[in-house]
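Asker: My file is final.cif. It has mmCIF, C-alpha atoms:
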```cif
data_input
#
loop_
_atom_site.label_atom_id
_atom_site.label_comp_id
_atom_site.auth_asym_id
_atom_site.auth_seq_id
_atom_site.Cartn_x
_atom_site.Cartn_y
_atom_site.Cartn_z
CA MET V 1 120.48 183.28 168.61
CA ASP V 2 117.17 182.25 170.16
CA TYR V 3 115.00 184.54 172.23
CA LEU V 4 115.45 184.17 175.95
CA ASP V 5 112.39 182.75 177.69
CA PHE V 6 112.53 183.03 181.44
CA SER V 7 108.98 181.76 182.15
CA GLY V 8 109.97 178.13 182.74
CA VAL V 9 112.82 179.13 185.02
CA LEU V 10 110.81 181.67 187.01
CA ALA V 11 107.98 179.13 187.45
CA ARG V 12 110.44 177.18 189.58
CA GLY V 13 111.11 180.10 191.88
CA ASP V 14 110.31 177.96 194.94
CA LEU V 15 113.21 175.63 194.07
CA LEU V 16 115.51 178.61 193.58
CA ALA V 17 114.46 180.01 196.94
CA LYS V 18 115.28 176.70 198.64
CA GLY V 19 118.68 176.62 196.94
CA LEU V 20 119.34 180.22 197.93
CA LEU V 21 118.49 179.41 201.55
CA LEU V 22 120.84 176.42 201.61
CA THR V 23 123.63 178.49 200.02
CA ALA V 24 123.17 181.10 202.75
CA GLN V 25 123.13 178.45 205.48
CA ILE V 26 126.23 176.50 204.44
CA SER V 27 128.10 179.74 203.73
CA LEU V 28 127.23 181.24 207.09
CA ALA V 29 128.11 178.01 208.93
CA SER V 30 131.50 177.76 207.25
CA MET V 31 132.23 181.46 207.80
CA VAL V 32 131.71 181.00 211.55
CA ILE V 33 133.60 177.68 211.80
CA GLY V 34 136.27 178.96 209.41
CA LEU V 35 136.78 182.06 211.55
CA VAL V 36 137.21 179.89 214.66
CA ILE V 37 139.70 177.62 212.83
CA GLY V 38 141.45 180.69 211.44
CA VAL V 39 141.87 182.43 214.81
CA LEU V 40 143.03 179.18 216.47
CA SER V 41 145.56 178.39 213.73
CA ALA V 42 146.82 181.97 213.71
CA CYS V 43 147.46 181.72 217.47
CA LEU V 44 149.14 178.33 217.05
CA THR V 45 151.46 179.57 214.28
CA LEU V 46 152.49 182.44 216.57
CA SER V 47 152.82 180.23 219.62
CA GLY V 48 156.10 178.92 221.01
CA ASN V 49 155.42 175.24 220.35
CA ARG V 50 157.52 174.33 217.32
CA LEU V 51 155.78 171.04 216.45
CA LEU V 52 152.29 172.58 216.56
CA ARG V 53 153.50 175.48 214.45
CA ILE V 54 154.85 173.14 211.74
CA VAL V 55 151.65 171.09 211.69
CA VAL V 56 149.46 174.18 211.34
CA LEU V 57 151.71 175.74 208.67
CA ALA V 58 151.58 172.45 206.72
CA TYR V 59 147.77 172.53 206.91
CA ILE V 60 147.67 176.12 205.66
CA GLU V 61 150.07 175.53 202.74
CA ALA V 62 148.38 172.25 201.75
CA ILE V 63 144.99 173.96 201.56
CA ARG V 64 146.22 177.11 199.84
CA ASN V 65 148.11 175.26 197.11
CA THR V 66 145.48 172.70 196.07
CA PRO V 67 142.13 173.30 194.36
CA PHE V 68 138.99 173.53 196.49
CA ILE V 69 137.10 171.00 194.36
CA VAL V 70 139.82 168.37 194.97
CA GLN V 71 139.52 169.03 198.71
CA VAL V 72 135.75 168.55 198.44
CA PHE V 73 136.26 165.24 196.59
CA LEU V 74 138.85 164.10 199.15
CA ILE V 75 136.46 164.74 202.02
CA TYR V 76 133.34 163.36 200.35
CA PHE V 77 134.74 160.42 198.29
CA GLY V 78 138.12 159.87 200.00
CA LEU V 79 137.31 159.86 203.73
CA PRO V 80 134.93 156.85 203.57
CA ALA V 81 138.05 154.76 202.80
CA LEU V 82 139.25 155.76 206.28
CA GLY V 83 135.85 154.88 207.73
CA LEU V 84 134.40 158.41 207.89
CA ARG V 85 131.30 158.77 205.74
CA LEU V 86 129.73 162.24 205.65
CA ASP V 87 126.46 163.25 204.01
CA PRO V 88 126.87 165.84 201.21
CA ILE V 89 125.86 168.88 203.28
CA THR V 90 128.14 167.99 206.22
CA ALA V 91 130.97 167.26 203.78
CA ALA V 92 130.35 170.63 202.11
CA ILE V 93 130.41 172.59 205.37
CA THR V 94 133.53 170.68 206.50
CA ALA V 95 135.37 171.34 203.24
CA MET V 96 134.40 175.02 203.16
CA SER V 97 135.36 175.56 206.81
CA VAL V 98 138.75 173.86 206.44
CA TYR V 99 139.37 175.79 203.20
CA GLY V 100 138.21 179.14 204.58
CA GLY V 101 140.08 178.59 207.85
CA ALA V 102 143.45 178.36 206.06
CA TYR V 103 142.98 181.71 204.33
CA ILE V 104 141.39 183.40 207.36
CA SER V 105 144.32 182.22 209.50
CA GLU V 106 146.78 184.11 207.28
CA ILE V 107 144.64 187.25 207.50
CA VAL V 108 144.23 187.06 211.29
CA ARG V 109 147.93 186.34 211.74
CA ALA V 110 148.83 189.48 209.79
CA GLY V 111 146.48 191.41 212.08
CA ILE V 112 147.97 189.98 215.28
CA GLU V 113 151.53 190.59 214.05
CA GLY V 114 150.59 194.22 213.55
CA ILE V 115 149.79 194.67 217.26
CA ASN V 116 152.44 196.69 219.07
CA THR V 117 154.00 194.52 221.81
CA GLY V 118 154.09 197.59 224.04
CA GLN V 119 150.27 197.42 224.14
CA ILE V 120 150.41 193.86 225.47
CA GLU V 121 153.05 194.77 228.06
CA ALA V 122 150.95 197.76 229.17
CA ALA V 123 147.85 195.57 229.51
CA ARG V 124 149.75 193.05 231.63
CA ALA V 125 151.26 195.86 233.71
CA LEU V 126 147.74 197.20 234.33
CA GLY V 127 146.81 193.79 235.76
CA LEU V 128 144.70 192.36 232.90
CA SER V 129 144.67 188.57 232.85
CA GLY V 130 146.24 186.72 229.94
CA TYR V 131 142.83 185.90 228.49
CA ARG V 132 141.51 189.47 228.79
CA THR V 133 144.71 190.84 227.30
CA PHE V 134 144.35 188.50 224.34
CA ARG V 135 140.67 189.25 223.86
CA HIS V 136 140.63 193.03 224.24
CA VAL V 137 144.18 194.13 223.42
CA VAL V 138 145.24 191.58 220.78
CA LEU V 139 142.28 189.94 219.03
CA LYS V 140 139.81 192.80 218.79
CA PRO V 141 142.20 195.41 217.37
CA ALA V 142 143.70 192.74 215.08
CA LEU V 143 140.27 191.86 213.66
CA ALA V 144 139.45 195.57 213.35
CA ALA V 145 142.62 196.16 211.34
CA VAL V 146 142.09 193.27 208.91
CA PHE V 147 138.30 193.43 208.70
CA PRO V 148 138.19 194.50 205.01
CA SER V 149 140.37 191.48 204.04
CA LEU V 150 138.16 189.28 206.17
CA SER V 151 135.05 190.55 204.36
CA ALA V 152 136.68 189.84 201.00
CA GLN V 153 137.52 186.31 202.16
CA PHE V 154 133.93 185.73 203.31
CA ILE V 155 132.71 186.78 199.87
CA LEU V 156 135.12 184.30 198.23
CA LEU V 157 133.84 181.63 200.61
CA LEU V 158 130.24 182.40 199.63
CA LEU V 159 131.16 182.09 195.94
CA SER V 160 133.09 178.87 196.54
CA SER V 161 129.89 177.29 197.90
CA SER V 162 128.76 176.85 194.27
CA VAL V 163 131.47 174.19 193.87
CA VAL V 164 129.77 171.80 196.31
CA SER V 165 127.04 171.30 193.69
CA ALA V 166 129.60 168.80 192.31
CA ILE V 167 128.81 166.46 195.23
CA SER V 168 125.05 166.93 194.68
CA VAL V 169 124.37 169.46 197.45
CA PRO V 170 121.09 171.16 196.43
CA GLU V 171 122.36 174.71 196.97
CA LEU V 172 121.78 177.49 194.45
CA THR V 173 124.04 176.13 191.68
CA GLY V 174 122.93 172.54 192.32
CA VAL V 175 119.28 173.57 192.09
CA GLY V 176 120.20 175.49 188.93
CA ASN V 177 121.62 172.30 187.40
CA ASP V 178 118.36 170.49 188.28
CA ILE V 179 116.20 173.22 186.74
CA GLN V 180 118.42 173.16 183.65
CA GLY V 181 117.72 169.44 183.35
CA MET V 182 113.96 170.00 183.71
CA THR V 183 113.53 172.99 181.41
CA LEU V 184 116.56 172.71 179.06
CA ARG V 185 116.65 176.53 179.30
CA ASN V 186 120.38 176.51 180.07
CA MET V 187 121.22 180.14 179.23
CA GLU V 188 118.24 181.53 181.16
CA ILE V 189 118.82 179.52 184.33
CA TYR V 190 122.52 180.33 184.64
CA LEU V 191 121.93 184.01 183.93
CA VAL V 192 119.27 184.12 186.66
CA ILE V 193 121.61 182.32 189.05
CA ALA V 194 124.47 184.69 188.25
CA VAL V 195 122.22 187.67 189.04
CA ILE V 196 121.19 186.07 192.36
CA TYR V 197 124.84 185.51 193.32
CA VAL V 198 125.81 189.07 192.42
CA ALA V 199 122.91 190.34 194.56
CA LEU V 200 123.91 187.98 197.39
CA VAL V 201 127.48 189.28 197.27
CA ALA V 202 126.21 192.87 197.39
CA VAL V 203 124.04 192.03 200.43
CA LEU V 204 126.94 190.28 202.20
CA ARG V 205 129.22 193.23 201.49
CA GLY V 206 126.64 195.60 203.03
CA LEU V 207 126.18 193.27 205.99
CA MET V 208 129.93 193.12 206.64
CA LEU V 209 130.14 196.92 206.52
CA GLY V 210 127.30 197.06 209.04
CA ILE V 211 129.05 194.57 211.33
CA GLU V 212 132.27 196.57 211.06
CA ARG V 213 130.48 199.77 212.08
CA TRP V 214 128.75 198.00 214.97
CA ALA V 215 131.68 196.00 216.33
CA PHE V 216 134.44 198.53 215.74
CA SER V 217 132.46 201.75 215.99
CA TYR V 218 135.51 203.61 217.32
CA LYS V 219 137.10 203.29 213.86
CA PHE V 220 134.38 205.52 212.44
CA ILE V 221 134.41 208.36 214.99
CA GLY V 222 134.81 211.66 213.24
CA ARG V 223 134.25 210.21 209.79
CA MET O 1 135.42 144.61 188.11
CA PHE O 2 137.62 147.50 189.17
CA GLN O 3 141.09 148.08 187.76
CA PRO O 4 144.03 148.16 190.19
CA TYR O 5 145.52 151.65 190.63
CA THR O 6 148.75 151.55 188.61
CA TRP O 7 151.46 153.85 187.25
CA ASN O 8 149.56 153.95 183.94
CA HIS O 9 146.79 155.82 185.74
CA VAL O 10 149.31 158.21 187.23
CA PHE O 11 150.77 158.91 183.77
CA PHE O 12 147.24 159.47 182.43
CA MET O 13 146.72 162.05 185.21
CA LEU O 14 150.08 163.60 184.39
CA GLY O 15 148.71 164.21 180.89
CA GLY O 16 145.75 165.94 182.54
CA LEU O 17 148.19 168.14 184.44
CA GLY O 18 149.58 169.23 181.06
CA THR O 19 146.11 170.42 180.00
CA THR O 20 145.68 172.18 183.36
CA ILE O 21 148.90 174.17 182.93
CA TRP O 22 148.15 174.90 179.29
CA LEU O 23 144.65 176.17 180.17
CA ALA O 24 146.00 178.34 183.01
CA ALA O 25 148.69 179.77 180.72
CA ILE O 26 146.14 180.71 178.04
CA ALA O 27 143.94 182.33 180.69
CA LEU O 28 146.95 184.27 181.99
CA VAL O 29 147.82 185.58 178.52
CA GLY O 30 144.21 186.36 177.57
CA GLY O 31 143.51 187.81 181.00
CA SER O 32 146.65 189.95 180.87
CA ILE O 33 145.63 191.55 177.59
CA ALA O 34 142.06 192.26 178.68
CA GLY O 35 143.15 193.04 182.24
CA SER O 36 145.68 195.69 181.24
CA ILE O 37 143.05 197.43 179.12
CA LEU O 38 140.64 197.18 182.06
CA ALA O 39 143.20 198.63 184.49
CA LEU O 40 143.90 201.60 182.19
CA VAL O 41 140.18 202.20 181.65
CA ARG O 42 139.64 202.08 185.44
CA VAL O 43 142.04 205.01 185.92
CA ALA O 44 140.89 206.89 182.79
CA HIS O 45 139.41 210.42 182.93
CA ASN O 46 136.14 209.49 181.21
CA PRO O 47 133.64 208.63 184.00
CA LEU O 48 131.42 206.58 181.64
CA LEU O 49 134.33 204.27 180.71
CA ARG O 50 135.51 204.13 184.29
CA ASN O 51 132.11 203.06 185.62
CA ALA O 52 131.61 200.51 182.83
CA ALA O 53 134.89 198.86 183.87
CA ARG O 54 133.78 198.99 187.51
CA LEU O 55 130.48 197.30 186.68
CA TYR O 56 132.27 194.58 184.72
CA ILE O 57 134.58 193.83 187.64
CA PHE O 58 131.66 193.92 190.11
CA VAL O 59 129.66 191.40 188.08
CA VAL O 60 132.53 189.00 187.29
CA GLN O 61 133.89 189.07 190.84
CA GLY O 62 130.37 188.57 192.22
CA THR O 63 129.60 185.48 190.13
CA PRO O 64 130.96 182.06 191.09
CA LEU O 65 133.49 180.93 188.49
CA LEU O 66 131.54 177.71 188.03
CA VAL O 67 128.44 179.68 186.95
CA THR O 68 130.60 181.82 184.64
CA LEU O 69 131.88 178.61 183.04
CA PHE O 70 128.33 177.29 182.56
CA ILE O 71 127.30 180.56 180.92
CA ALA O 72 130.32 180.43 178.58
CA TYR O 73 129.74 176.76 177.80
CA PHE O 74 126.09 177.22 176.85
CA GLY O 75 126.48 180.83 175.74
CA ALA O 76 128.87 180.08 172.88
CA ARG O 77 126.27 177.85 171.30
CA TRP O 78 123.46 180.26 172.16
CA ILE O 79 125.05 183.17 170.28
CA GLY O 80 125.66 180.76 167.40
CA ILE O 81 129.43 180.29 167.55
CA ASP O 82 130.26 176.67 166.91
CA VAL O 83 133.50 176.13 168.82
CA ALA O 84 134.94 173.29 170.87
CA PRO O 85 133.92 173.59 174.56
CA VAL O 86 137.57 173.99 175.54
CA VAL O 87 137.79 177.21 173.48
CA ALA O 88 134.69 178.66 175.14
CA ILE O 89 136.08 177.71 178.55
CA ALA O 90 139.51 179.24 177.81
CA VAL O 91 137.78 182.47 176.80
CA ALA O 92 135.70 182.40 180.01
CA PHE O 93 138.83 181.95 182.11
CA SER O 94 140.43 184.89 180.31
CA PHE O 95 137.44 187.13 181.09
CA TYR O 96 137.53 185.94 184.69
CA ALA O 97 141.29 186.53 184.99
CA ALA O 98 140.90 189.99 183.42
CA ALA O 99 138.58 191.13 186.22
CA PHE O 100 141.08 190.16 188.92
CA LEU O 101 144.27 191.18 187.12
CA GLY O 102 142.62 194.48 186.18
CA GLU O 103 142.00 195.24 189.85
CA ILE O 104 145.50 194.16 190.92
CA TRP O 105 147.10 196.33 188.26
CA ARG O 106 144.85 199.32 188.90
CA GLY O 107 145.95 199.16 192.54
CA ALA O 108 149.58 199.06 191.39
CA ILE O 109 149.12 202.03 189.05
CA GLU O 110 147.43 204.03 191.80
CA SER O 111 150.14 203.19 194.33
CA VAL O 112 152.79 204.93 192.22
CA PRO O 113 153.25 208.26 194.07
CA HIS O 114 151.18 211.09 192.61
CA GLY O 115 154.24 213.30 192.32
CA GLN O 116 155.49 211.05 189.51
CA ARG O 117 152.44 211.92 187.43
CA GLU O 118 152.69 215.63 188.24
CA GLY O 119 156.37 215.53 187.41
CA SER O 120 155.79 213.96 184.00
CA HIS O 121 153.02 216.48 183.34
CA ALA O 122 155.35 219.34 184.27
CA LEU O 123 157.99 217.92 181.92
CA GLY O 124 155.45 218.09 179.10
CA LEU O 125 154.81 214.36 178.68
CA SER O 126 151.44 213.41 177.26
CA TYR O 127 149.12 211.14 179.31
CA ALA O 128 150.05 208.14 177.15
CA ASP O 129 153.80 208.82 177.37
CA ALA O 130 153.64 209.41 181.12
CA MET O 131 151.86 206.06 181.50
CA ARG O 132 154.24 204.24 179.19
CA PHE O 133 157.59 205.59 180.40
CA ILE O 134 156.97 206.71 184.00
CA ILE O 135 153.95 205.13 185.68
CA VAL O 136 153.61 201.61 184.22
CA PRO O 137 157.30 200.60 184.61
CA GLN O 138 157.10 201.43 188.33
CA ALA O 139 153.66 199.81 188.65
CA ILE O 140 154.90 196.54 187.13
CA ARG O 141 157.41 196.12 189.94
CA ILE O 142 154.69 196.58 192.54
CA ALA O 143 152.25 194.32 190.66
CA THR O 144 154.53 191.32 190.08
CA PRO O 145 154.15 189.49 193.45
CA PRO O 146 150.31 189.60 193.53
CA THR O 147 150.19 188.67 189.83
CA VAL O 148 152.24 185.52 190.49
CA GLY O 149 149.93 184.85 193.44
CA PHE O 150 146.90 185.16 191.20
CA PHE O 151 148.44 182.75 188.69
CA VAL O 152 148.44 180.16 191.48
CA GLN O 153 144.72 180.83 191.99
CA LEU O 154 144.21 180.47 188.26
CA ILE O 155 145.96 177.08 188.11
CA LYS O 156 143.83 175.84 191.02
CA ASN O 157 140.63 177.25 189.54
CA THR O 158 141.08 175.51 186.18
CA SER O 159 140.02 172.43 188.18
CA LEU O 160 136.45 173.72 187.85
CA ALA O 161 136.64 173.14 184.09
CA SER O 162 136.32 169.44 184.96
CA VAL O 163 132.63 170.06 185.81
CA VAL O 164 131.90 171.06 182.19
CA GLY O 165 133.86 168.07 180.88
CA ILE O 166 137.29 169.49 180.03
CA VAL O 167 139.75 166.63 180.51
CA GLU O 168 142.33 168.32 182.73
CA LEU O 169 143.92 167.00 185.93
CA THR O 170 140.76 166.93 188.08
CA ARG O 171 138.70 165.30 185.32
CA THR O 172 141.37 162.63 184.67
CA SER O 173 141.41 161.97 188.43
CA GLN O 174 137.63 161.49 188.41
CA ILE O 175 137.95 159.05 185.52
CA VAL O 176 140.71 157.10 187.28
CA SER O 177 138.80 157.18 190.57
CA ASN O 178 135.71 155.75 188.89
CA ALA O 179 137.76 153.02 187.20
CA THR O 180 139.82 151.96 190.22
CA PHE O 181 137.45 152.90 193.04
CA LYS O 182 140.41 154.23 195.03
CA PRO O 183 139.22 157.84 195.49
CA LEU O 184 141.45 158.61 198.48
CA ASP O 185 144.68 157.52 196.73
CA VAL O 186 143.70 159.09 193.41
CA TYR O 187 142.65 162.49 194.75
CA LEU O 188 145.70 162.61 197.04
CA THR O 189 147.84 162.04 193.94
CA ALA O 190 146.00 164.84 192.14
CA ALA O 191 146.39 167.16 195.16
CA THR O 192 150.13 166.37 195.21
CA PHE O 193 150.44 167.26 191.52
CA TYR O 194 148.69 170.58 192.08
CA PHE O 195 150.82 171.26 195.15
CA VAL O 196 154.07 170.54 193.32
CA VAL O 197 153.14 173.10 190.66
CA CYS O 198 151.57 175.74 192.91
CA PHE O 199 153.82 175.76 195.98
CA PRO O 200 157.03 176.91 194.20
CA LEU O 201 155.02 179.73 192.60
CA THR O 202 153.62 180.69 196.01
CA LEU O 203 157.18 180.80 197.40
CA LEU O 204 158.31 182.87 194.40
CA SER O 205 155.49 185.34 194.97
CA ARG O 206 156.45 185.66 198.65
CA TYR O 207 160.15 186.04 197.80
CA LEU O 208 159.41 188.81 195.27
CA GLU O 209 157.20 190.56 197.80
CA ARG O 210 159.94 190.49 200.46
CA ARG O 211 162.55 191.74 198.01
CA LEU O 212 160.29 194.56 196.91
CA GLY O 213 159.63 195.45 200.55
CA THR O 214 163.33 195.80 201.35
CA GLN O 215 164.05 197.78 198.19
CA THR O 216 161.46 200.48 198.81
CA LYS O 217 162.49 200.98 202.44
#
```
Now, as a test, write the supplied structure out as structure tokens.

Answerer:
Amino acid sequence: MDYLDFSGVLARGDLLAKGLLLTAQISLASMVIGLVIGVLSACLTLSGNRLLRIVVLAYIEAIRNTPFIVQVFLIYFGLPALGLRLDPITAAITAMSVYGGAYISEIVRAGIEGINTGQIEAARALGLSGYRTFRHVVLKPALAAVFPSLSAQFILLLLSSSVVSAISVPELTGVGNDIQGMTLRNMEIYLVIAVIYVALVAVLRGLMLGIERWAFSYKFIGR
Amino acid sequence: MFQPYTWNHVFFMLGGLGTTIWLAAIALVGGSIAGSILALVRVAHNPLLRNAARLYIFVVQGTPLLVTLFIAYFGARWIGIDVAPVVAIAVAFSFYAAAFLGEIWRGAIESVPHGQREGSHALGLSYADAMRFIIVPQAIRIATPPTVGFFVQLIKNTSLASVVGIVELTRTSQIVSNATFKPLDVYLTAATFYFVVCFPLTLLSRYLERRLGTQTK
């Protein structure tokens, strides 16, 4: 067992910082896009249109039962055969959003199904428009109810971003692979990266708790 | 010159699927052993043990699996154990699975009504006997659907072993894709293979969950 020597790794802190920034950016982008896809697909699976429902359910099952890295390869290496060539970062954000959206859709759907139909009828009886009923009486309480699952899914999405290093995106793990090639300090670099990810997850968890308290403050009254 | 994409390639990938399932099965067995210990330690009375288990789960669940695999791959050599990479990777998957199974099973143990524990205590059963005869048998029923669900995750996640050179389904697909230059066809084939294995398990998990739901009502 050799001694660990972190000097070479820490000397490349600027590279690590750039990788960390890119990880944060692609994760945040795919969380937002994934949430939009998730809410839309959840609504479509609950909608009356049978054909749309089958298409969306097929999308969800296809994504949930195949590995993320194969989806990344399909989008980055496979789509050019259909004439759609994406650069690595766009491909990464696309893959992560499509992947996250499938899981988020299941979470949001569970939330919406938990809404008492009496609430919706009451809102309509009080003269709220369809859109306002959906926004205030269906979506917001649904998101409030499933927010912890949503946070957990966002954390998994953040961790899955490391996989896109396989298509040479210079995010944290990709930068780590580069530094490993430069310094040959393989143990040191991956330990440092693991610590950064654990810290990042802790920060995201705190952030999500903060958002929950801000957006759904009524849940915390009297606590 | 590229090779045409033929059935021989598909059979080669089918061999990779064998390695994928084999790796996932080893991780499930290894992870079950470590995970059950972890779950019991998480609900133990000793706060030092309990927090150590919590820290372990926090760290493993907060690290991307790919980074965990890199650490295992290089770490085995670093601590001076000369093993084949596939052994180091199988061990890493077991540690990873333990963190998740441990949490699933702890949740199951804790969801057994508290009266059951008080009842066994009142009947004079020791902690170990209460666990063995009263709590764990009920917890297993609750834990089965999410455990099957996690096995699906495990099968999918063994695809990451391709990055450190384990020749499982994803790695064989990469090899075939490079030889035939038909990435769309090849990766769609691989995705189909994964789907054919994972989807029935997903349905099984859902079926068990529904059955459990109607039984407890």

Asker: Can you work out which one of O:Asp129, O:Asp185, O:Glu110, O:Glu209 has the shortest atom-to-atom distance to chain V, counting only C-alpha atoms?

Answerer: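 Using only C-alpha atoms, the shortest distance to chain V belongs to O:Asp185.
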
Asker: Quick one, how far is CA of Arg132 in chain V from CA of Gly101 in chain V?

Answerer: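 Distance reported for this atom pair: 23.6 Å.
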
Asker: Report, in Å to a single decimal, how far apart CA of Val98 in chain V and CA of Asn178 in chain O are.

Answerer: 25.4 Å

Asker: Pull out every residue that the PyMOL selection byres ((chain O) within 8 of (chain V)) matches in the shown coordinates and put them as a PyMOL selection string.

Answerer: chain O and resi 58-59+62-68+70-71+74-75+78-80+152+156-157+159-160+163+170+182-185+187-188+190-192+194-195+198-199+202

Asker: Residues proximal to (134.7, 174.0, 207.2) were defined as those with any atom within 8 Å of that point in the file's coordinates, counting only C-alpha atoms. Which are they, as a list in words?

Answerer: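 Within 8 Å of (134.7, 174.0, 207.2), the protein and nucleic acid residues are Ala29, Ser30, Met31, Ile33, Gly34, Ala92, Ile93, Thr94, Ala95, Met96, Ser97, Val98, Tyr99, Gly100 and Gly101 of chain V.
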
Asker: Need to verify the contact set: Tyr127 in chain O, 12 Å, only C-alpha atoms, exclusion of same-chain residues closer than 6 positions in sequence. Can you return it as a PyMOL selection string?

Answerer: chain O and resi 40+43-45+117-121+133-136

Asker: Here is a test: counting all atoms listed in the file, which residue of O:Val196, O:Val186, O:Glu168, O:Arg206 is nearest to Gly16 in chain O?

Answerer: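 Closest residue, counting all atoms listed in the file: O:Glu168.
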
Asker: Using all atoms listed in the file, which protein or nucleic acid residues come within 8 Å of Val108 in chain V? Drop anything in the same chain fewer than 3 positions from it, and give the result as a short mmCIF file (atom, residue, chain, number, x, y, z; two decimals) with C-alpha atoms, in the frame of the given file.

Answerer:
```
data_model
loop_
_atom_site.label_atom_id
_atom_site.label_comp_id
_atom_site.auth_asym_id
_atom_site.auth_seq_id
_atom_site.Cartn_x
_atom_site.Cartn_y
_atom_site.Cartn_z
CA GLY V 38 141.45 180.69 211.44
CA VAL V 39 141.87 182.43 214.81
CA ALA V 42 146.82 181.97 213.71
CA ILE V 104 141.39 183.40 207.36
CA SER V 105 144.32 182.22 209.50
CA GLY V 111 146.48 191.41 212.08
CA ILE V 112 147.97 189.98 215.28
CA ALA V 142 143.70 192.74 215.08
CA LEU V 143 140.27 191.86 213.66
CA VAL V 146 142.09 193.27 208.91
#
```

Asker: So that I can check the surroundings of Thr20 in chain O, please list as number ranges by chain every protein, DNA and RNA residue that reaches within 7 Å of it, counting all atoms listed in the file and ignoring chain neighbours fewer than 5 positions away.

Answerer: O: 155, 158, 168-169

Asker: Work out how far apart CA of Arg109 in chain V and CA of Leu40 in chain V are and give it in Å to one decimal.

Answerer: 9.9 Å

Asker: For the file shown, what are the residues hit by the PyMOL selection byres ((chain O and resi 28) around 12), laid out as a ChimeraX atom specification?

Answerer: /O:21-27,29-36,90-102,147-155,158

Asker: Given 5 Å of margin on each side, can you work out the centre and size in Å (one decimal) of an axis-aligned box holding every listed atom of range 200-210 of chain V, as JSON?

Answerer:
```
{"center_x": 127.0, "center_y": 192.5, "center_z": 203.2, "size_x": 16.2, "size_y": 19.1, "size_z": 21.8}
```

Asker: When the PyMOL selection byres ((chain O and resi 179) around 12) is applied to the file above, which residues end up in the set, as an mmCIF file with C-alpha atoms, in the frame of the given file?

Answerer:
```
data_model
loop_
_atom_site.group_PDB
_atom_site.id
_atom_site.type_symbol
_atom_site.label_atom_id
_atom_site.label_comp_id
_atom_site.auth_asym_id
_atom_site.auth_seq_id
_atom_site.Cartn_x
_atom_site.Cartn_y
_atom_site.Cartn_z
ATOM 1 C CA MET O 1 135.420 144.610 188.110
ATOM 2 C CA PHE O 2 137.620 147.500 189.170
ATOM 3 C CA GLN O 3 141.090 148.080 187.760
ATOM 4 C CA PRO O 4 144.030 148.160 190.190
ATOM 5 C CA TYR O 5 145.520 151.650 190.630
ATOM 6 C CA THR O 6 148.750 151.550 188.610
ATOM 7 C CA HIS O 9 146.790 155.820 185.740
ATOM 8 C CA THR O 172 141.370 162.630 184.670
ATOM 9 C CA SER O 173 141.410 161.970 188.430
ATOM 10 C CA GLN O 174 137.630 161.490 188.410
ATOM 11 C CA ILE O 175 137.950 159.050 185.520
ATOM 12 C CA VAL O 176 140.710 157.100 187.280
ATOM 13 C CA SER O 177 138.800 157.180 190.570
ATOM 14 C CA ASN O 178 135.710 155.750 188.890
ATOM 15 C CA THR O 180 139.820 151.960 190.220
ATOM 16 C CA PHE O 181 137.450 152.900 193.040
ATOM 17 C CA LYS O 182 140.410 154.230 195.030
ATOM 18 C CA PRO O 183 139.220 157.840 195.490
ATOM 19 C CA VAL O 186 143.700 159.090 193.410
#
```

Asker: Have a look at O:Ile142, O:Ile166, O:Leu49, O:Val83 and name the one nearest to Ile37 in chain O; count only C-alpha atoms.

Answerer: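 Smallest separation from Ile37 in chain O among the options: O:Leu49.
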
Asker: From the set V:Val203, V:Leu209, V:Val164, V:Ile179, which residue has the shortest atom-to-atom contact distance to Thr23 in chain V, counting only C-alpha atoms?

Answerer: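 Closest to Thr23 in chain V, using only C-alpha atoms: V:Val164.
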
Asker: Pick the closest to Ala39 in chain O from O:Ala122, O:Thr19, O:Ala72, O:Ala139: which is it, counting all atoms listed in the file?

Answerer: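 Smallest separation from Ala39 in chain O among the options: O:Ala139.
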
Asker: From the set O:Phe11, O:Met131, O:Gln116, O:Arg106, which residue has the shortest atom-to-atom contact distance to Arg50 in chain O, counting all atoms listed in the file?

Answerer: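 Among the listed residues, the smallest separation from Arg50 in chain O belongs to O:Arg106.
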